[in-house]
$ cat final.cif   # mmCIF, C-alpha atoms, pLDDT in the B column; chains and numbers go by the auth columns
data_model
loop_
_atom_site.group_PDB
_atom_site.id
_atom_site.type_symbol
_atom_site.label_atom_id
_atom_site.label_comp_id
_atom_site.label_asym_id
_atom_site.label_seq_id
_atom_site.Cartn_x
_atom_site.Cartn_y
_atom_site.Cartn_z
_atom_site.B_iso_or_equiv
_atom_site.auth_seq_id
_atom_site.auth_asym_id
ATOM 1 C CA MET A 1 99.025 87.210 109.971 96.00 4 A
ATOM 2 C CA LEU A 2 98.720 87.241 113.745 95.00 5 A
ATOM 3 C CA GLY A 3 101.824 86.969 115.965 88.00 6 A
ATOM 4 C CA GLY A 4 103.939 86.235 117.726 92.00 7 A
ATOM 5 C CA ASP A 5 107.050 88.356 117.454 95.00 8 A
ATOM 6 C CA HIS A 6 107.865 90.492 114.459 97.00 9 A
ATOM 7 C CA SER A 7 110.231 87.953 112.899 96.00 10 A
ATOM 8 C CA LEU A 8 107.124 86.352 111.375 97.00 11 A
ATOM 9 C CA ALA A 9 107.132 89.187 108.826 98.00 12 A
ATOM 10 C CA ILE A 10 110.054 87.526 107.049 97.00 13 A
ATOM 11 C CA GLY A 11 107.654 84.777 106.032 96.00 14 A
ATOM 12 C CA SER A 12 104.512 86.837 105.584 98.00 15 A
ATOM 13 C CA VAL A 13 106.086 89.487 103.354 98.00 16 A
ATOM 14 C CA LEU A 14 107.930 86.895 101.269 97.00 17 A
ATOM 15 C CA GLY A 15 104.741 84.876 100.944 97.00 18 A
ATOM 16 C CA HIS A 16 102.769 87.957 99.968 98.00 19 A
ATOM 17 C CA ALA A 17 105.295 88.887 97.284 97.00 20 A
ATOM 18 C CA ALA A 18 105.245 85.343 95.917 96.00 21 A
ATOM 19 C CA ALA A 19 101.441 85.283 95.843 96.00 22 A
ATOM 20 C CA VAL A 20 100.987 88.557 93.946 95.00 23 A
ATOM 21 C CA GLN A 21 104.068 88.035 91.723 94.00 24 A
ATOM 22 C CA GLN A 22 105.031 91.705 91.787 91.00 25 A
ATOM 23 C CA GLN A 23 106.885 94.290 93.825 93.00 26 A
ATOM 24 C CA LEU A 24 105.304 95.368 97.111 97.00 27 A
ATOM 25 C CA SER A 25 105.221 98.511 99.200 97.00 28 A
ATOM 26 C CA LEU A 26 105.884 97.869 102.889 98.00 29 A
ATOM 27 C CA VAL A 27 104.545 100.071 105.696 98.00 30 A
ATOM 28 C CA TRP A 28 106.206 99.152 109.003 98.00 31 A
ATOM 29 C CA VAL A 29 104.391 100.624 112.024 98.00 32 A
ATOM 30 C CA ASP A 30 106.542 100.015 115.081 98.00 33 A
ATOM 31 C CA ALA A 31 108.409 101.608 117.971 98.00 34 A
ATOM 32 C CA HIS A 32 111.488 99.786 116.646 98.00 35 A
ATOM 33 C CA ALA A 33 113.125 99.713 113.207 98.00 36 A
ATOM 34 C CA ASP A 34 113.815 95.931 113.244 97.00 37 A
ATOM 35 C CA ILE A 35 116.470 96.487 110.572 98.00 38 A
ATOM 36 C CA ASN A 36 119.589 95.211 112.323 95.00 39 A
ATOM 37 C CA THR A 37 121.501 92.597 110.360 94.00 40 A
ATOM 38 C CA PRO A 38 122.768 89.444 112.092 90.00 41 A
ATOM 39 C CA LEU A 39 126.188 91.137 112.141 88.00 42 A
ATOM 40 C CA SER A 40 125.053 94.507 113.532 90.00 43 A
ATOM 41 C CA SER A 41 122.509 93.284 116.084 91.00 44 A
ATOM 42 C CA PRO A 42 123.624 94.031 119.664 87.00 45 A
ATOM 43 C CA THR A 43 121.290 91.359 121.084 90.00 46 A
ATOM 44 C CA GLY A 44 121.082 88.697 118.371 86.00 47 A
ATOM 45 C CA ASN A 45 117.281 88.711 118.654 88.00 48 A
ATOM 46 C CA LEU A 46 115.741 87.704 115.336 89.00 49 A
ATOM 47 C CA HIS A 47 112.697 89.895 115.999 92.00 50 A
ATOM 48 C CA GLY A 48 115.008 92.920 115.729 93.00 51 A
ATOM 49 C CA GLN A 49 116.211 91.900 112.261 95.00 52 A
ATOM 50 C CA PRO A 50 113.346 90.959 109.909 97.00 53 A
ATOM 51 C CA VAL A 51 113.502 94.031 107.667 98.00 54 A
ATOM 52 C CA SER A 52 117.167 93.407 106.860 97.00 55 A
ATOM 53 C CA TYR A 53 116.270 89.986 105.440 96.00 56 A
ATOM 54 C CA LEU A 54 113.625 91.536 103.181 97.00 57 A
ATOM 55 C CA LEU A 55 115.603 94.400 101.613 98.00 58 A
ATOM 56 C CA HIS A 56 117.470 93.917 98.344 97.00 59 A
ATOM 57 C CA GLU A 57 120.021 96.533 99.401 97.00 60 A
ATOM 58 C CA LEU A 58 121.089 94.570 102.496 96.00 61 A
ATOM 59 C CA GLN A 59 121.397 91.140 100.893 94.00 62 A
ATOM 60 C CA ALA A 60 125.201 91.308 100.970 93.00 63 A
ATOM 61 C CA LYS A 61 125.100 91.926 104.734 92.00 64 A
ATOM 62 C CA ILE A 62 123.171 88.744 105.523 91.00 65 A
ATOM 63 C CA PRO A 63 125.469 85.785 106.177 89.00 66 A
ATOM 64 C CA VAL A 64 124.547 82.267 105.132 89.00 67 A
ATOM 65 C CA LEU A 65 122.439 80.882 107.971 85.00 68 A
ATOM 66 C CA PRO A 66 121.287 77.304 108.587 88.00 69 A
ATOM 67 C CA ASN A 67 117.683 76.707 107.440 89.00 70 A
ATOM 68 C CA PHE A 68 117.353 80.208 105.963 89.00 71 A
ATOM 69 C CA SER A 69 118.135 79.390 102.328 90.00 72 A
ATOM 70 C CA TRP A 70 114.466 80.024 101.451 92.00 73 A
ATOM 71 C CA VAL A 71 114.740 83.714 102.404 94.00 74 A
ATOM 72 C CA LYS A 72 115.097 85.894 99.327 93.00 75 A
ATOM 73 C CA PRO A 73 114.902 89.711 99.505 96.00 76 A
ATOM 74 C CA CYS A 74 111.769 91.120 97.918 97.00 77 A
ATOM 75 C CA ILE A 75 111.507 94.772 99.014 97.00 78 A
ATOM 76 C CA ALA A 76 113.371 97.830 97.710 97.00 79 A
ATOM 77 C CA ALA A 77 114.411 100.475 100.234 98.00 80 A
ATOM 78 C CA LYS A 78 112.468 103.084 98.270 97.00 81 A
ATOM 79 C CA ASP A 79 109.255 101.090 98.796 97.00 82 A
ATOM 80 C CA LEU A 80 109.532 101.020 102.603 98.00 83 A
ATOM 81 C CA VAL A 81 107.978 103.527 105.013 98.00 84 A
ATOM 82 C CA TYR A 82 108.310 103.499 108.789 98.00 85 A
ATOM 83 C CA ILE A 83 105.772 105.113 111.122 98.00 86 A
ATOM 84 C CA GLY A 84 106.079 105.503 114.898 98.00 87 A
ATOM 85 C CA LEU A 85 109.803 104.889 115.482 98.00 88 A
ATOM 86 C CA ARG A 86 111.198 106.002 118.837 98.00 89 A
ATOM 87 C CA ASP A 87 113.684 103.316 119.949 97.00 90 A
ATOM 88 C CA VAL A 88 116.333 102.860 117.246 97.00 91 A
ATOM 89 C CA ASP A 89 119.815 101.364 117.712 95.00 92 A
ATOM 90 C CA PRO A 90 122.792 103.426 116.451 95.00 93 A
ATOM 91 C CA GLU A 91 123.522 100.743 113.826 95.00 94 A
ATOM 92 C CA GLU A 92 119.934 100.883 112.625 97.00 95 A
ATOM 93 C CA HIS A 93 120.037 104.682 112.472 97.00 96 A
ATOM 94 C CA TYR A 94 123.060 104.427 110.186 96.00 97 A
ATOM 95 C CA ILE A 95 121.330 101.882 107.918 97.00 98 A
ATOM 96 C CA LEU A 96 118.177 104.021 107.641 98.00 99 A
ATOM 97 C CA LYS A 97 120.194 107.114 106.704 98.00 100 A
ATOM 98 C CA PHE A 98 122.541 105.258 104.349 97.00 101 A
ATOM 99 C CA LEU A 99 119.674 103.700 102.382 98.00 102 A
ATOM 100 C CA GLY A 100 117.546 106.873 102.432 98.00 103 A
ATOM 101 C CA ILE A 101 114.539 105.052 103.878 98.00 104 A
ATOM 102 C CA LYS A 102 111.411 107.106 104.492 98.00 105 A
ATOM 103 C CA VAL A 103 110.880 107.413 108.250 98.00 106 A
ATOM 104 C CA PHE A 104 108.153 109.142 110.237 98.00 107 A
ATOM 105 C CA SER A 105 109.418 108.928 113.807 98.00 108 A
ATOM 106 C CA MET A 106 107.199 109.958 116.701 98.00 109 A
ATOM 107 C CA THR A 107 108.905 113.344 116.522 98.00 110 A
ATOM 108 C CA GLU A 108 107.636 113.675 112.951 98.00 111 A
ATOM 109 C CA VAL A 109 104.173 112.457 113.933 98.00 112 A
ATOM 110 C CA ASP A 110 104.072 115.117 116.661 98.00 113 A
ATOM 111 C CA ARG A 111 105.354 117.830 114.321 98.00 114 A
ATOM 112 C CA LEU A 112 103.225 117.065 111.274 98.00 115 A
ATOM 113 C CA GLY A 113 100.145 115.369 112.735 98.00 116 A
ATOM 114 C CA ILE A 114 99.009 111.906 111.707 98.00 117 A
ATOM 115 C CA ALA A 115 96.839 113.145 108.813 98.00 118 A
ATOM 116 C CA ARG A 116 99.831 114.809 107.134 98.00 119 A
ATOM 117 C CA VAL A 117 102.027 111.780 107.852 98.00 120 A
ATOM 118 C CA MET A 118 99.555 109.469 106.114 98.00 121 A
ATOM 119 C CA GLU A 119 99.043 111.873 103.221 98.00 122 A
ATOM 120 C CA GLU A 120 102.804 111.982 102.661 98.00 123 A
ATOM 121 C CA THR A 121 103.083 108.203 103.081 98.00 124 A
ATOM 122 C CA CYS A 122 100.438 107.508 100.446 96.00 125 A
ATOM 123 C CA ASP A 123 101.876 110.107 98.057 96.00 126 A
ATOM 124 C CA TYR A 124 105.358 108.643 98.500 96.00 127 A
ATOM 125 C CA LEU A 125 104.267 105.045 97.892 94.00 128 A
ATOM 126 C CA SER A 126 102.163 105.839 94.823 88.00 129 A
ATOM 127 C CA ASP A 127 104.535 108.398 93.284 81.00 130 A
ATOM 128 C CA LYS A 128 105.337 106.229 90.254 74.00 131 A
ATOM 129 C CA VAL A 129 103.811 102.743 90.240 84.00 132 A
ATOM 130 C CA LYS A 130 100.982 101.791 92.579 90.00 133 A
ATOM 131 C CA LYS A 131 102.073 98.565 94.253 95.00 134 A
ATOM 132 C CA PRO A 132 100.144 96.310 96.653 97.00 135 A
ATOM 133 C CA ILE A 133 100.731 97.466 100.233 98.00 136 A
ATOM 134 C CA HIS A 134 101.831 95.119 102.996 98.00 137 A
ATOM 135 C CA LEU A 135 101.158 96.636 106.419 98.00 138 A
ATOM 136 C CA SER A 136 103.260 95.155 109.208 98.00 139 A
ATOM 137 C CA TYR A 137 101.895 96.510 112.486 98.00 140 A
ATOM 138 C CA ASP A 138 103.590 95.979 115.841 98.00 141 A
ATOM 139 C CA VAL A 139 101.166 96.756 118.642 98.00 142 A
ATOM 140 C CA ASP A 140 104.028 98.390 120.572 98.00 143 A
ATOM 141 C CA ALA A 141 103.786 101.275 118.106 98.00 144 A
ATOM 142 C CA ILE A 142 100.817 102.329 120.219 98.00 145 A
ATOM 143 C CA ASP A 143 101.627 103.976 123.543 98.00 146 A
ATOM 144 C CA PRO A 144 101.852 101.439 126.400 98.00 147 A
ATOM 145 C CA SER A 145 99.195 103.376 128.303 98.00 148 A
ATOM 146 C CA VAL A 146 96.838 101.858 125.685 98.00 149 A
ATOM 147 C CA THR A 147 98.570 98.583 124.744 98.00 150 A
ATOM 148 C CA PRO A 148 100.702 97.509 127.734 98.00 151 A
ATOM 149 C CA ALA A 149 100.475 93.735 127.122 98.00 152 A
ATOM 150 C CA THR A 150 103.441 93.519 124.743 98.00 153 A
ATOM 151 C CA GLY A 151 107.032 92.379 124.994 95.00 154 A
ATOM 152 C CA THR A 152 109.022 95.595 124.454 95.00 155 A
ATOM 153 C CA PRO A 153 106.832 98.605 125.320 97.00 156 A
ATOM 154 C CA VAL A 154 108.264 102.090 124.743 98.00 157 A
ATOM 155 C CA VAL A 155 106.644 105.209 126.180 98.00 158 A
ATOM 156 C CA GLY A 156 105.671 108.108 123.927 98.00 159 A
ATOM 157 C CA GLY A 157 103.888 106.130 121.238 98.00 160 A
ATOM 158 C CA LEU A 158 100.909 106.593 118.966 98.00 161 A
ATOM 159 C CA SER A 159 97.529 107.299 120.503 98.00 162 A
ATOM 160 C CA TYR A 160 94.632 104.934 119.899 97.00 163 A
ATOM 161 C CA ARG A 161 93.146 107.404 117.409 97.00 164 A
ATOM 162 C CA GLU A 162 96.410 107.876 115.531 98.00 165 A
ATOM 163 C CA GLY A 163 96.918 104.127 115.362 98.00 166 A
ATOM 164 C CA VAL A 164 93.475 103.474 113.934 97.00 167 A
ATOM 165 C CA TYR A 165 93.754 106.388 111.500 98.00 168 A
ATOM 166 C CA ILE A 166 96.796 104.709 109.915 98.00 169 A
ATOM 167 C CA THR A 167 94.801 101.572 109.139 98.00 170 A
ATOM 168 C CA GLU A 168 91.752 103.488 107.908 97.00 171 A
ATOM 169 C CA THR A 169 93.844 105.576 105.528 97.00 172 A
ATOM 170 C CA LEU A 170 95.714 102.617 104.066 97.00 173 A
ATOM 171 C CA CYS A 171 92.438 100.747 103.588 97.00 174 A
ATOM 172 C CA GLN A 172 91.009 103.710 101.683 96.00 175 A
ATOM 173 C CA THR A 173 93.856 103.580 99.143 95.00 176 A
ATOM 174 C CA GLY A 174 92.427 100.331 97.781 95.00 177 A
ATOM 175 C CA LEU A 175 95.984 98.966 97.679 96.00 178 A
ATOM 176 C CA LEU A 176 96.168 97.330 101.118 97.00 179 A
ATOM 177 C CA SER A 177 96.732 93.658 100.340 97.00 180 A
ATOM 178 C CA ALA A 178 98.063 92.019 103.524 98.00 181 A
ATOM 179 C CA VAL A 179 98.554 92.866 107.183 98.00 182 A
ATOM 180 C CA ASP A 180 100.572 91.532 110.110 98.00 183 A
ATOM 181 C CA MET A 181 99.484 92.221 113.701 98.00 184 A
ATOM 182 C CA VAL A 182 102.284 91.225 116.034 98.00 185 A
ATOM 183 C CA GLU A 183 103.585 91.367 119.605 97.00 186 A
ATOM 184 C CA VAL A 184 100.157 91.118 121.265 98.00 187 A
ATOM 185 C CA ASN A 185 101.054 89.128 124.376 97.00 188 A
ATOM 186 C CA PRO A 186 98.302 88.715 126.991 97.00 189 A
ATOM 187 C CA LEU A 187 100.829 87.082 129.347 97.00 190 A
ATOM 188 C CA ARG A 188 102.519 90.475 129.649 97.00 191 A
ATOM 189 C CA GLY A 189 99.391 92.129 130.986 97.00 192 A
ATOM 190 C CA ARG A 190 99.491 92.712 134.728 97.00 193 A
ATOM 191 C CA THR A 191 95.724 93.044 135.004 97.00 194 A
ATOM 192 C CA GLU A 192 92.719 91.883 133.024 97.00 195 A
ATOM 193 C CA GLN A 193 92.118 95.493 132.017 97.00 196 A
ATOM 194 C CA GLU A 194 95.609 95.738 130.479 98.00 197 A
ATOM 195 C CA VAL A 195 95.011 92.547 128.527 97.00 198 A
ATOM 196 C CA GLN A 196 91.587 93.672 127.297 97.00 199 A
ATOM 197 C CA SER A 197 92.872 97.123 126.300 97.00 200 A
ATOM 198 C CA THR A 198 95.731 95.638 124.288 98.00 201 A
ATOM 199 C CA VAL A 199 93.697 92.924 122.581 97.00 202 A
ATOM 200 C CA GLY A 200 90.752 95.245 121.949 97.00 203 A
ATOM 201 C CA THR A 201 93.007 97.837 120.343 98.00 204 A
ATOM 202 C CA ALA A 202 94.626 95.203 118.128 98.00 205 A
ATOM 203 C CA VAL A 203 91.174 94.066 116.968 97.00 206 A
ATOM 204 C CA ASP A 204 90.153 97.651 116.208 97.00 207 A
ATOM 205 C CA LEU A 205 93.337 98.203 114.205 98.00 208 A
ATOM 206 C CA LEU A 206 92.552 95.139 112.106 97.00 209 A
ATOM 207 C CA LEU A 207 88.940 96.199 111.630 97.00 210 A
ATOM 208 C CA GLY A 208 90.247 99.514 110.315 97.00 211 A
ATOM 209 C CA CYS A 209 92.275 97.559 107.752 97.00 212 A
ATOM 210 C CA PHE A 210 89.094 95.789 106.655 95.00 213 A
ATOM 211 C CA GLY A 211 87.184 99.004 106.148 93.00 214 A
ATOM 212 C CA ARG A 212 85.329 99.650 109.378 90.00 215 A
ATOM 213 C CA GLY A 213 84.873 103.394 109.796 81.00 216 A
ATOM 214 C CA ARG A 214 84.298 105.240 113.046 80.00 217 A
ATOM 215 C CA GLU A 215 81.461 107.404 111.786 74.00 218 A
ATOM 216 C CA GLY A 216 78.907 104.643 112.143 60.00 219 A
ATOM 217 C CA SER A 217 76.902 103.053 109.352 47.00 220 A
ATOM 218 C CA HIS A 218 73.269 102.316 108.623 41.00 221 A
ATOM 219 C CA SER A 219 71.719 99.401 106.860 40.00 222 A
ATOM 220 C CA PRO A 220 70.172 100.228 103.444 42.00 223 A
ATOM 221 C CA ASP A 221 66.749 99.464 104.908 45.00 224 A
ATOM 222 C CA TYR A 222 67.100 101.953 107.761 43.00 225 A
ATOM 223 C CA ARG A 223 64.244 104.441 107.854 47.00 226 A
ATOM 224 C CA LEU A 224 63.643 107.407 110.120 49.00 227 A
ATOM 225 C CA PRO A 225 60.420 107.026 112.092 55.00 228 A
ATOM 226 C CA GLU A 226 57.407 108.835 110.717 56.00 229 A
ATOM 227 C CA PRO A 227 56.795 112.219 112.431 52.00 230 A
#

$ encode --input "final.cif" --output "structure tokens"
Amino acid sequence: MLGGDHSLAIGSVLGHAAAVQQQLSLVWVDAHADINTPLSSPTGNLHGQPVSYLLHELQAKIPVLPNFSWVKPCIAAKDLVYIGLRDVDPEEHYILKFLGIKVFSMTEVDRLGIARVMEETCDYLSDKVKKPIHLSYDVDAIDPSVTPATGTPVVGGLSYREGVYITETLCQTGLLSAVDMVEVNPLRGRTEQEVQSTVGTAVDLLLGCFGRGREGSHSPDYRLPEP
């Protein structure tokens, strides 16, 4: 799924769960937690709330909303992992702690390194039952020096290499089943270079999800020249 703001994940994750007819794991790569409820949100922006609509544990906190009767929670808090958080509202911080959600903030990424973060993420998600993984990737998880053409950039984000490593690692699990790429907004780029850097990075992240490695590959018919 290509977006658009991150509220599209309400539909994509629900659709994914309906298609596979089983529980999912959700990896949310983002500068923001997007877990405010309609009642806790300081702004009322729907793109800051999608995770709350998806979690079973927060169902009681979601009021009846016009045209939202189709939304049914489909993710357990224990099956959710955040990577890259660095701009979290106080209400969201409380929700994350209260539900015991697994979070690798940028502080944790800096402390552990991205390889350890992904090792722990994969171990955590496959501890008991291996579920299909839904990756919901907000391009603002990447540092705005790399992806500036986005709506809510936050300094101190993932490097290009860290961002791509996340997708490569999840692809290698064999469990990656769906991916969202959101908040790519060329209209926010001040120069053509900013637009190209943002869009190019988003494409590379998706290619990592589909199995493209960075080591290079050779066709089966490739032969070294005769000496």

$ resolve_selection --input "final.cif" --expression "the PyMOL selection byres ((chain A and resi 190) around 12)" --output "number ranges by chain"
A: 151-154, 186-189, 191-195, 197-199, 201-202

$ closest_residue --input "final.cif" --among "A:Val132, A:Val142, A:Ala20, A:Cys174" --to "Val206 (chain A)" --atoms "all atoms listed in the file"
A:Val142

$ resolve_selection --input "final.cif" --expression "the PyMOL selection byres ((chain A and resi 54) around 12)" --output "MDAnalysis selection string"
chainID A and resid 9:17 29:31 33 35:41 49:53 55:62 65 74:80 83:85 95 98:99 104 139

$ closest_residue --input "final.cif" --among "A:Gln175, A:Ser108, A:Thr46, A:Ser180" --to "Ser28 (chain A)" --atoms "all atoms listed in the file"
A:Ser180

$ resolve_selection --input "final.cif" --expression "the PyMOL selection byres ((chain A and resi 109) around 7)" --output "short mmCIF file (atom, residue, chain, number, x, y, z; two decimals) with C-alpha atoms, in the coordinates of the input"
data_model
loop_
_atom_site.label_atom_id
_atom_site.label_comp_id
_atom_site.auth_asym_id
_atom_site.auth_seq_id
_atom_site.Cartn_x
_atom_site.Cartn_y
_atom_site.Cartn_z
CA GLY A 87 106.08 105.50 114.90
CA LEU A 88 109.80 104.89 115.48
CA ARG A 89 111.20 106.00 118.84
CA PHE A 107 108.15 109.14 110.24
CA SER A 108 109.42 108.93 113.81
CA THR A 110 108.90 113.34 116.52
CA GLU A 111 107.64 113.68 112.95
CA VAL A 112 104.17 112.46 113.93
CA ASP A 113 104.07 115.12 116.66
CA GLY A 160 103.89 106.13 121.24
#

$ residues_around --input "final.cif" --residues "Gly177 (chain A)" --least-positions-apart "3" --cutoff "10 Å" --atoms "all atoms listed in the file" --output "NGL selection string"
:A and (135-136 or 172-174 or 180 or 214)

$ closest_residue --input "final.cif" --among "A:Thr176, A:Thr204, A:Gln25, A:Asn48" --to "Asp141 (chain A)" --atoms "all atoms listed in the file"
A:Thr204

$ axis_aligned_box --input "final.cif" --around "region 41-49 of chain A" --padding-each-side "3 Å" --output "lines of an AutoDock Vina configuration file"
center_x = 121.0
center_y = 91.1
center_z = 116.6
size_x = 16.4
size_y = 12.8
size_z = 15.0

$ atom_distance --input "final.cif" --atom1 "CA of Lys64 (chain A)" --atom2 "CA of Ser44 (chain A)"
11.7 Å

$ closest_residue --input "final.cif" --among "A:Asp207, A:Val67, A:Leu5, A:Lys81" --to "Ser129 (chain A)" --atoms "all atoms listed in the file"
A:Lys81

$ closest_residue --input "final.cif" --among "A:Gly203, A:His96, A:Trp73, A:Val185" --to "Val167 (chain A)" --atoms "all atoms listed in the file"
A:Gly203
